[in-house]
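Below: protein06.txt (compact mmCIF, C-alpha atoms)
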# COMPACT_ATOMS: atom_id res chain seq x y z
CA MET M 1 -1.11 -26.72 -0.05
CA ASP M 2 1.83 -28.19 1.85
CA PRO M 3 1.57 -30.34 5.03
CA ASN M 4 1.80 -27.17 7.16
CA GLY M 5 -1.25 -25.66 5.49
CA ASN M 6 0.70 -23.13 3.41
CA ILE M 7 -0.53 -22.35 -0.08
CA GLN M 8 2.02 -23.40 -2.67
CA PRO M 9 2.28 -21.81 -6.13
CA GLU M 10 0.98 -23.93 -8.97
CA GLU M 11 3.64 -25.60 -11.06
CA ARG M 12 4.25 -23.56 -14.19
CA ALA M 13 5.22 -24.65 -17.67
CA PRO M 14 8.98 -24.96 -18.16
CA LEU M 15 10.87 -22.16 -19.90
CA ILE M 16 12.04 -23.62 -23.20
CA THR M 17 12.43 -21.02 -25.94
CA TYR M 18 14.16 -17.65 -26.10
CA GLU M 19 10.75 -15.97 -26.31
CA ASP M 20 9.63 -17.69 -23.09
CA VAL M 21 12.06 -15.43 -21.23
CA ALA M 22 12.55 -12.37 -23.46
CA GLY M 23 8.81 -11.94 -24.00
CA ARG M 24 8.27 -11.64 -20.24
CA LEU M 25 10.96 -9.01 -19.67
CA GLU M 26 10.31 -5.28 -19.34
CA LEU M 27 12.98 -2.65 -19.80
CA SER M 28 12.56 0.22 -17.34
CA LEU M 29 13.63 3.64 -18.68
CA THR M 30 12.09 5.87 -16.03
CA ARG M 31 15.22 7.01 -14.19
CA PRO M 32 15.64 10.82 -14.13
CA ASP M 33 19.31 10.66 -15.18
CA LEU M 34 18.63 9.25 -18.67
CA ASN M 35 19.01 11.58 -21.64
CA GLU M 36 17.28 11.17 -25.00
CA GLU M 37 20.27 9.40 -26.53
CA ASP M 38 20.17 6.85 -23.72
CA VAL M 39 16.47 6.20 -24.25
CA ASP M 40 16.84 6.02 -28.05
CA ALA M 41 19.67 3.49 -27.84
CA ALA M 42 17.89 1.36 -25.24
CA CYS M 43 14.66 1.22 -27.27
CA ARG M 44 16.58 0.11 -30.36
CA LYS M 45 18.40 -2.53 -28.33
CA ALA M 46 15.03 -3.79 -27.02
CA LEU M 47 13.97 -4.33 -30.63
CA VAL M 48 17.08 -6.38 -31.33
CA TYR M 49 16.52 -8.51 -28.22
CA ASN M 50 12.75 -8.74 -28.80
CA ILE M 51 12.04 -7.73 -25.20
CA GLY M 52 8.40 -7.92 -24.12
CA ALA M 53 7.93 -4.25 -23.27
CA VAL M 54 9.71 -0.95 -22.73
CA VAL M 55 8.55 1.46 -20.02
CA VAL M 56 9.45 5.10 -20.75
CA ARG M 57 8.80 8.44 -19.13
CA PRO M 58 5.79 10.33 -20.55
CA SER M 59 8.06 12.92 -22.17
CA ASP M 60 9.82 10.15 -24.11
CA VAL M 61 6.69 8.53 -25.54
CA ASP M 62 6.71 10.26 -28.93
CA MET M 63 10.31 9.27 -29.57
CA ALA M 64 9.69 5.71 -28.41
CA VAL M 65 6.65 5.39 -30.68
CA ARG M 66 8.77 6.36 -33.68
CA ILE M 67 11.39 3.76 -32.79
CA LEU M 68 9.17 0.87 -31.75
CA GLY M 69 6.36 1.52 -34.22
CA GLY M 70 4.18 -1.55 -34.61
CA ALA M 71 6.86 -3.92 -33.36
CA ARG M 72 6.10 -6.81 -31.03
CA VAL M 73 7.86 -4.87 -28.26
CA ALA M 74 5.04 -3.15 -26.36
CA LEU M 75 5.35 0.49 -25.35
CA ALA M 76 4.42 1.34 -21.77
CA SER M 77 4.54 4.53 -19.76
CA VAL M 78 3.62 5.76 -16.30
CA ALA M 79 0.76 7.79 -14.83
CA GLY M 80 0.91 9.29 -11.35
CA PHE M 81 4.61 8.51 -11.17
CA PRO M 82 6.39 8.16 -8.80
CA HIS M 83 4.10 8.20 -5.73
CA GLY M 84 0.56 8.37 -7.12
CA SER M 85 -0.07 11.69 -5.39
CA SER M 86 -1.52 13.70 -8.27
CA ASN M 87 -5.28 14.25 -8.18
CA THR M 88 -7.60 11.96 -10.11
CA GLY M 89 -8.34 14.40 -12.93
CA THR M 90 -4.65 14.98 -13.58
CA LYS M 91 -3.88 11.28 -13.46
CA LEU M 92 -6.71 10.39 -15.85
CA TYR M 93 -5.69 13.09 -18.30
CA GLU M 94 -2.12 11.84 -18.18
CA GLY M 95 -3.21 8.25 -18.87
CA ARG M 96 -5.56 9.22 -21.72
CA ASP M 97 -2.88 11.40 -23.26
CA LEU M 98 -0.45 8.47 -23.20
CA LEU M 99 -3.02 6.26 -24.91
CA ARG M 100 -3.73 8.90 -27.55
CA ARG M 101 -0.01 9.13 -28.33
CA GLY M 102 0.36 5.38 -28.85
CA VAL M 103 1.12 3.77 -25.50
CA LYS M 104 -0.17 0.19 -25.23
CA GLU M 105 0.33 -0.30 -21.49
CA VAL M 106 -0.29 2.25 -18.73
CA ASN M 107 1.49 1.75 -15.40
CA LEU M 108 -0.74 3.54 -12.89
CA VAL M 109 0.86 4.29 -9.54
CA VAL M 110 -1.43 3.77 -6.56
CA ASN M 111 -2.14 6.82 -4.42
CA TYR M 112 -0.29 5.73 -1.28
CA GLY M 113 -1.67 8.56 0.84
CA LYS M 114 -5.25 7.56 0.08
CA MET M 115 -4.51 3.89 0.74
CA LEU M 116 -2.86 4.69 4.09
CA SER M 117 -5.87 6.89 4.93
CA ARG M 118 -8.06 3.89 4.04
CA GLN M 119 -9.94 5.87 1.43
CA PHE M 120 -10.41 2.77 -0.67
CA GLN M 121 -13.40 4.03 -2.62
CA HIS M 122 -11.34 6.95 -3.90
CA VAL M 123 -8.61 4.59 -5.07
CA GLU M 124 -11.04 2.15 -6.68
CA THR M 125 -12.92 4.88 -8.55
CA GLU M 126 -9.62 6.22 -9.89
CA VAL M 127 -8.46 2.79 -11.03
CA LEU M 128 -11.82 1.94 -12.57
CA GLN M 129 -11.82 5.06 -14.74
CA MET M 130 -8.28 4.39 -15.90
CA SER M 131 -9.11 0.75 -16.59
CA GLU M 132 -12.05 1.78 -18.77
CA SER M 133 -9.87 4.23 -20.72
CA CYS M 134 -7.18 1.61 -21.31
CA HIS M 135 -9.56 -1.10 -22.44
CA GLN M 136 -11.41 1.26 -24.77
CA SER M 137 -8.02 1.83 -26.44
CA GLU M 138 -7.20 -1.92 -26.39
CA ALA M 139 -4.37 -1.22 -23.97
CA LEU M 140 -3.34 -2.88 -20.70
CA LEU M 141 -3.50 -1.38 -17.23
CA LYS M 142 -0.91 -2.22 -14.57
CA LEU M 143 -1.63 -1.19 -10.99
CA VAL M 144 1.74 -0.26 -9.47
CA PHE M 145 2.76 -0.13 -5.82
CA GLU M 146 5.99 -0.20 -3.82
CA SER M 147 5.96 -2.84 -1.13
CA ALA M 148 7.61 -0.70 1.55
CA TYR M 149 4.69 1.74 1.71
CA LEU M 150 1.87 -0.74 2.25
CA ALA M 151 1.04 -3.25 4.96
CA GLU M 152 -0.17 -6.75 4.07
CA ASP M 153 -3.86 -5.92 4.49
CA LEU M 154 -3.57 -2.97 2.11
CA LYS M 155 -1.95 -5.17 -0.53
CA ASN M 156 -4.83 -7.58 -0.14
CA ILE M 157 -7.30 -4.76 -0.69
CA LEU M 158 -5.42 -3.59 -3.77
CA CYS M 159 -5.68 -7.06 -5.28
CA LYS M 160 -9.45 -6.94 -4.71
CA VAL M 161 -9.57 -3.50 -6.33
CA ALA M 162 -7.58 -4.80 -9.30
CA LYS M 163 -10.02 -7.68 -9.78
CA ARG M 164 -13.14 -5.54 -9.44
CA THR M 165 -11.85 -2.91 -11.86
CA GLU M 166 -10.53 -5.52 -14.32
CA ALA M 167 -6.96 -4.24 -14.20
CA ASP M 168 -4.66 -6.48 -16.22
CA PHE M 169 -1.69 -6.54 -13.83
CA VAL M 170 -0.68 -5.72 -10.30
CA GLU M 171 2.94 -4.65 -10.13
CA THR M 172 5.26 -4.74 -7.12
CA ASP M 173 8.91 -4.00 -6.51
CA SER M 174 9.33 -6.92 -4.10
CA ALA M 175 9.60 -10.61 -4.94
CA ALA M 176 8.57 -11.28 -1.34
CA ASP M 177 5.03 -10.19 -2.33
CA LEU M 178 4.65 -12.84 -5.02
CA LYS M 179 3.27 -15.66 -2.87
CA GLN M 180 0.61 -13.38 -1.41
CA LEU M 181 -0.31 -11.74 -4.72
CA THR M 182 -0.47 -15.03 -6.60
CA ALA M 183 -2.83 -16.53 -4.02
CA LEU M 184 -5.11 -13.46 -4.14
CA CYS M 185 -5.12 -12.69 -7.84
CA LYS M 186 -5.06 -16.23 -9.22
CA ASP M 187 -5.91 -16.19 -12.95
CA LEU M 188 -7.96 -12.98 -12.92
CA VAL M 189 -5.08 -10.50 -12.67
CA LYS M 190 -1.51 -11.10 -13.81
CA ILE M 191 1.50 -10.13 -11.74
CA LYS M 192 4.61 -8.16 -12.56
CA VAL M 193 7.60 -7.83 -10.25
CA SER M 194 10.70 -5.69 -10.67
CA GLY M 195 14.05 -6.88 -9.43
CA PRO M 196 17.74 -7.55 -10.07
CA SER M 197 18.86 -8.17 -13.64
CA THR M 198 19.77 -11.84 -13.28
CA LEU M 199 18.30 -14.93 -14.90
CA GLU M 200 18.16 -16.69 -11.54
CA LYS M 201 15.95 -13.97 -10.04
CA PHE M 202 13.76 -13.95 -13.15
CA GLN M 203 13.26 -17.71 -12.95
CA GLU M 204 12.45 -17.55 -9.24
CA ALA M 205 9.85 -14.87 -9.93
CA TYR M 206 8.37 -16.80 -12.85
CA HIS M 207 7.95 -20.00 -10.89
CA ALA M 208 6.45 -18.00 -7.99
CA GLY M 209 3.72 -16.75 -10.33
CA SER M 210 5.03 -13.59 -12.01
CA GLU M 211 4.10 -13.12 -15.67
CA ARG M 212 6.32 -10.07 -16.26
CA TYR M 213 9.70 -9.10 -14.87
CA GLY M 214 10.91 -5.51 -14.86
CA ALA M 215 14.62 -4.69 -14.89
CA THR M 216 16.95 -1.85 -15.78
CA ASP M 217 19.08 -4.34 -17.74
CA PRO M 218 16.88 -7.13 -19.11
CA PHE M 219 19.51 -7.70 -21.80
CA ALA M 220 21.77 -9.31 -19.19
CA ILE M 221 18.98 -11.79 -18.42
CA ALA M 222 18.38 -12.45 -22.12
CA ASN M 223 22.09 -13.04 -22.70
CA GLU M 224 22.29 -15.52 -19.82
CA TRP M 225 19.32 -17.37 -21.29
CA LYS M 226 20.88 -17.40 -24.77
CA GLN M 227 23.99 -19.04 -23.35
CA ILE M 228 21.92 -21.75 -21.70
CA LEU M 229 19.96 -22.40 -24.88
CA ALA M 230 23.18 -22.58 -26.90
CA ALA M 231 24.63 -25.09 -24.42
CA ARG M 232 21.45 -27.18 -24.62
CA GLU M 233 21.58 -27.16 -28.40
CA ALA M 234 25.23 -28.21 -28.42
CA ALA M 235 24.53 -31.03 -25.98
CA ALA M 236 21.59 -32.23 -28.09
CA LYS M 237 23.76 -32.37 -31.20
CA GLN M 238 26.38 -34.42 -29.37
CA ALA M 239 23.87 -36.85 -27.84
CA PRO M 240 23.33 -39.07 -30.94
CA ALA M 241 27.06 -39.55 -31.36
CA VAL M 242 27.45 -40.53 -27.72
CA THR M 243 24.52 -42.93 -27.67
CA GLY M 244 25.49 -44.40 -31.04

If you convert what's in this file into structure tokens, what do you get?
Amino acid sequence: MDPNGNIQPEERAPLITYEDVAGRLELSLTRPDLNEEDVDAACRKALVYNIGAVVVRPSDVDMAVRILGGARVALASVAGFPHGSSNTGTKLYEGRDLLRRGVKEVNLVVNYGKMLSRQFQHVETEVLQMSESCHQSEALLKLVFESAYLAEDLKNILCKVAKRTEADFVETDSAADLKQLTALCKDLVKIKVSGPSTLEKFQEAYHAGSERYGATDPFAIANEWKQILAAREAAAKQAPAVTG
């Protein structure tokens, strides 16, 4: 806590290796304008870059499973996308179908209408059932919301729901939420934020408490990081000659 009484994020371990960055990146492939060739090529590129996870549309899961197989790159997909408005039965079937087909991470979109109507029990029951399905399949559950739709108190409630239902992540589209989410979730629920495809923004999010970073071009971030690591390695090789 700073002198003004504000909660400060805990200092995090420094980013040192390529995996420290690449393993925390998620490639988002949920845009409606992507064709199958686009998705195929992006999944194969994610393998080359050893990105942490790829998020695909439900209709692309079978193809992505064939490409990613048992690779370290995790396969994720969405349920209730994009606004969480489908009924609970439909959403649960969608999630369980994804798990059956090989998805290892389900990104469940919060029902904004129910949250705004303050029907919190409905939302929690829905999340709890999806959480149980995911964990029975040894998969992760991410609870997804867009910052613009929810006031601060509703975000607080969602964090409590995530903790009670043992969701693995809460996911936001706004880095401005990180301070609040980190303070509420602490070590019980991890945080993912989506944002611009720059190393600087990734690092800011990481040090603010985010464990995952979603981007449409995580490869740009990985390439920036590779350049920094290469420069560090070159400087380290030159150091003995300079000091000698």

> In Å to one decimal, how far is atom CA of Leu143 of chain M from atom CA of Gly95 of chain M?
Replying inline: 12.4 Å

> Just how far from atom CA of Lys237 of chain M is atom CA of Lys201 of chain M, in Å to one decimal?
Replying inline: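 Atom-to-atom, atom CA of Lys201 of chain M and atom CA of Lys237 of chain M are spaced 29.1 Å apart.
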
> Near Met115 of chain M, counting all atoms listed in the file, which residues have an atom at most 12 Å away, once you skip same-chain residues fewer than 6 positions from it, shown as a list in words?
Replying inline: His83, Gly84, Ser85, Val109, Gln121, His122, Val123, Glu124, Phe145, Tyr149, Leu150, Ala151, Glu152, Asp153, Leu154, Lys155, Asn156, Ile157, Leu158 and Val161 of chain M

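Remark: for Tyr93 of chain M, the closest of the candidate residues M:Val189, M:Ala42, M:Ala79, M:Leu199 is M:Ala79 (distances computed over all atoms listed in the file).
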
>> Nearest residue to Leu34 of chain M out of M:Pro82, M:Ala167, M:Thr216, M:Tyr206, using all atoms listed in the file?
In response: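 Closest to Leu34 of chain M, using all atoms listed in the file: M:Thr216.
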
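Proximity to Lys163 of chain M at 12 Å, evaluated using all atoms listed in the file and with sequence-adjacent residues fewer than 4 positions away removed, yields Glu124, Val127, Leu128, Ser131, Leu141, Lys142, Leu143, Asn156, Ile157, Leu158, Cys159, Ala167, Asp168, Phe169, Val170, Leu181, Leu184, Cys185, Lys186, Asp187, Leu188, Val189, Lys190 and Ile191 of chain M.
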
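Atom CA of Ala148 of chain M sits 10.6 Å away from atom CA of Asp177 of chain M.
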
>> I want to know what sits within 10 Å of Asp60 of chain M, based on all atoms listed in the file, with residues of the same chain fewer than 2 positions away left out; could you give that as a list in words?
In response: Leu29, Thr30, Asn35, Glu36, Val39, Asp40, Val55, Val56, Arg57, Pro58, Asp62, Met63, Ala64, Val65 and Ser77 of chain M

> When distances are computed from all atoms listed in the file, which of M:Arg66, M:Arg12, M:Arg164, M:Lys91 shows the smallest separation from Val103 of chain M?
Replying inline: M:Arg66

Generate N, CA, C and O atoms for segment 142-165 of chain M and emit them as an mmCIF file, keeping the file's coordinate frame.
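The resulting part.cif:
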data_model
loop_
_atom_site.group_PDB
_atom_site.id
_atom_site.type_symbol
_atom_site.label_atom_id
_atom_site.label_comp_id
_atom_site.auth_asym_id
_atom_site.auth_seq_id
_atom_site.Cartn_x
_atom_site.Cartn_y
_atom_site.Cartn_z
ATOM 1 N N LYS M 142 -1.648 -1.618 -15.682
ATOM 2 C CA LYS M 142 -0.910 -2.220 -14.570
ATOM 3 C C LYS M 142 -1.073 -1.314 -13.356
ATOM 4 O O LYS M 142 -0.844 -0.103 -13.439
ATOM 5 N N LEU M 143 -1.454 -1.917 -12.239
ATOM 6 C CA LEU M 143 -1.630 -1.190 -10.990
ATOM 7 C C LEU M 143 -0.351 -1.334 -10.166
ATOM 8 O O LEU M 143 -0.014 -2.425 -9.706
ATOM 9 N N VAL M 144 0.377 -0.221 -9.997
ATOM 10 C CA VAL M 144 1.740 -0.260 -9.470
ATOM 11 C C VAL M 144 1.780 0.178 -8.002
ATOM 12 O O VAL M 144 1.167 1.183 -7.630
ATOM 13 N N PHE M 145 2.505 -0.579 -7.183
ATOM 14 C CA PHE M 145 2.760 -0.130 -5.820
ATOM 15 C C PHE M 145 4.142 -0.594 -5.364
ATOM 16 O O PHE M 145 4.673 -1.580 -5.854
ATOM 17 N N GLU M 146 4.711 0.176 -4.440
ATOM 18 C CA GLU M 146 5.990 -0.200 -3.820
ATOM 19 C C GLU M 146 5.698 -0.851 -2.484
ATOM 20 O O GLU M 146 4.959 -0.315 -1.653
ATOM 21 N N SER M 147 6.286 -2.010 -2.290
ATOM 22 C CA SER M 147 5.960 -2.840 -1.130
ATOM 23 C C SER M 147 6.195 -2.136 0.193
ATOM 24 O O SER M 147 5.442 -2.317 1.154
ATOM 25 N N ALA M 148 7.230 -1.301 0.273
ATOM 26 C CA ALA M 148 7.610 -0.700 1.550
ATOM 27 C C ALA M 148 6.537 0.237 2.109
ATOM 28 O O ALA M 148 6.472 0.461 3.324
ATOM 29 N N TYR M 149 5.674 0.765 1.256
ATOM 30 C CA TYR M 149 4.690 1.740 1.710
ATOM 31 C C TYR M 149 3.417 1.118 2.260
ATOM 32 O O TYR M 149 2.635 1.807 2.930
ATOM 33 N N LEU M 150 3.173 -0.157 1.954
ATOM 34 C CA LEU M 150 1.870 -0.740 2.250
ATOM 35 C C LEU M 150 1.967 -1.987 3.112
ATOM 36 O O LEU M 150 2.773 -2.876 2.842
ATOM 37 N N ALA M 151 1.121 -2.055 4.115
ATOM 38 C CA ALA M 151 1.040 -3.250 4.960
ATOM 39 C C ALA M 151 0.327 -4.371 4.197
ATOM 40 O O ALA M 151 -0.267 -4.145 3.137
ATOM 41 N N GLU M 152 0.379 -5.582 4.757
ATOM 42 C CA GLU M 152 -0.170 -6.750 4.070
ATOM 43 C C GLU M 152 -1.652 -6.591 3.774
ATOM 44 O O GLU M 152 -2.119 -6.963 2.691
ATOM 45 N N ASP M 153 -2.422 -6.040 4.726
ATOM 46 C CA ASP M 153 -3.860 -5.920 4.490
ATOM 47 C C ASP M 153 -4.170 -4.960 3.356
ATOM 48 O O ASP M 153 -5.122 -5.157 2.594
ATOM 49 N N LEU M 154 -3.340 -3.924 3.191
ATOM 50 C CA LEU M 154 -3.570 -2.970 2.110
ATOM 51 C C LEU M 154 -3.229 -3.590 0.760
ATOM 52 O O LEU M 154 -3.880 -3.289 -0.251
ATOM 53 N N LYS M 155 -2.240 -4.452 0.710
ATOM 54 C CA LYS M 155 -1.950 -5.170 -0.530
ATOM 55 C C LYS M 155 -3.102 -6.094 -0.902
ATOM 56 O O LYS M 155 -3.463 -6.217 -2.076
ATOM 57 N N ASN M 156 -3.676 -6.731 0.106
ATOM 58 C CA ASN M 156 -4.830 -7.580 -0.140
ATOM 59 C C ASN M 156 -5.983 -6.784 -0.745
ATOM 60 O O ASN M 156 -6.639 -7.219 -1.700
ATOM 61 N N ILE M 157 -6.218 -5.612 -0.187
ATOM 62 C CA ILE M 157 -7.300 -4.760 -0.690
ATOM 63 C C ILE M 157 -7.018 -4.313 -2.108
ATOM 64 O O ILE M 157 -7.924 -4.276 -2.955
ATOM 65 N N LEU M 158 -5.758 -3.997 -2.406
ATOM 66 C CA LEU M 158 -5.420 -3.590 -3.770
ATOM 67 C C LEU M 158 -5.667 -4.709 -4.771
ATOM 68 O O LEU M 158 -6.096 -4.457 -5.905
ATOM 69 N N CYS M 159 -5.393 -5.927 -4.385
ATOM 70 C CA CYS M 159 -5.680 -7.060 -5.280
ATOM 71 C C CYS M 159 -7.180 -7.152 -5.543
ATOM 72 O O CYS M 159 -7.605 -7.425 -6.677
ATOM 73 N N LYS M 160 -7.999 -6.931 -4.517
ATOM 74 C CA LYS M 160 -9.450 -6.940 -4.710
ATOM 75 C C LYS M 160 -9.888 -5.803 -5.627
ATOM 76 O O LYS M 160 -10.763 -5.979 -6.485
ATOM 77 N N VAL M 161 -9.271 -4.641 -5.451
ATOM 78 C CA VAL M 161 -9.570 -3.500 -6.330
ATOM 79 C C VAL M 161 -9.196 -3.835 -7.765
ATOM 80 O O VAL M 161 -9.958 -3.554 -8.701
ATOM 81 N N ALA M 162 -8.033 -4.441 -7.951
ATOM 82 C CA ALA M 162 -7.580 -4.800 -9.300
ATOM 83 C C ALA M 162 -8.558 -5.762 -9.963
ATOM 84 O O ALA M 162 -8.879 -5.623 -11.159
ATOM 85 N N LYS M 163 -9.070 -6.719 -9.207
ATOM 86 C CA LYS M 163 -10.020 -7.680 -9.780
ATOM 87 C C LYS M 163 -11.354 -7.010 -10.104
ATOM 88 O O LYS M 163 -11.923 -7.251 -11.176
ATOM 89 N N ARG M 164 -11.838 -6.179 -9.201
ATOM 90 C CA ARG M 164 -13.140 -5.540 -9.440
ATOM 91 C C ARG M 164 -13.101 -4.557 -10.596
ATOM 92 O O ARG M 164 -14.089 -4.387 -11.317
ATOM 93 N N THR M 165 -11.959 -3.901 -10.788
ATOM 94 C CA THR M 165 -11.850 -2.910 -11.860
ATOM 95 C C THR M 165 -11.311 -3.500 -13.166
ATOM 96 O O THR M 165 -11.147 -2.796 -14.146
#
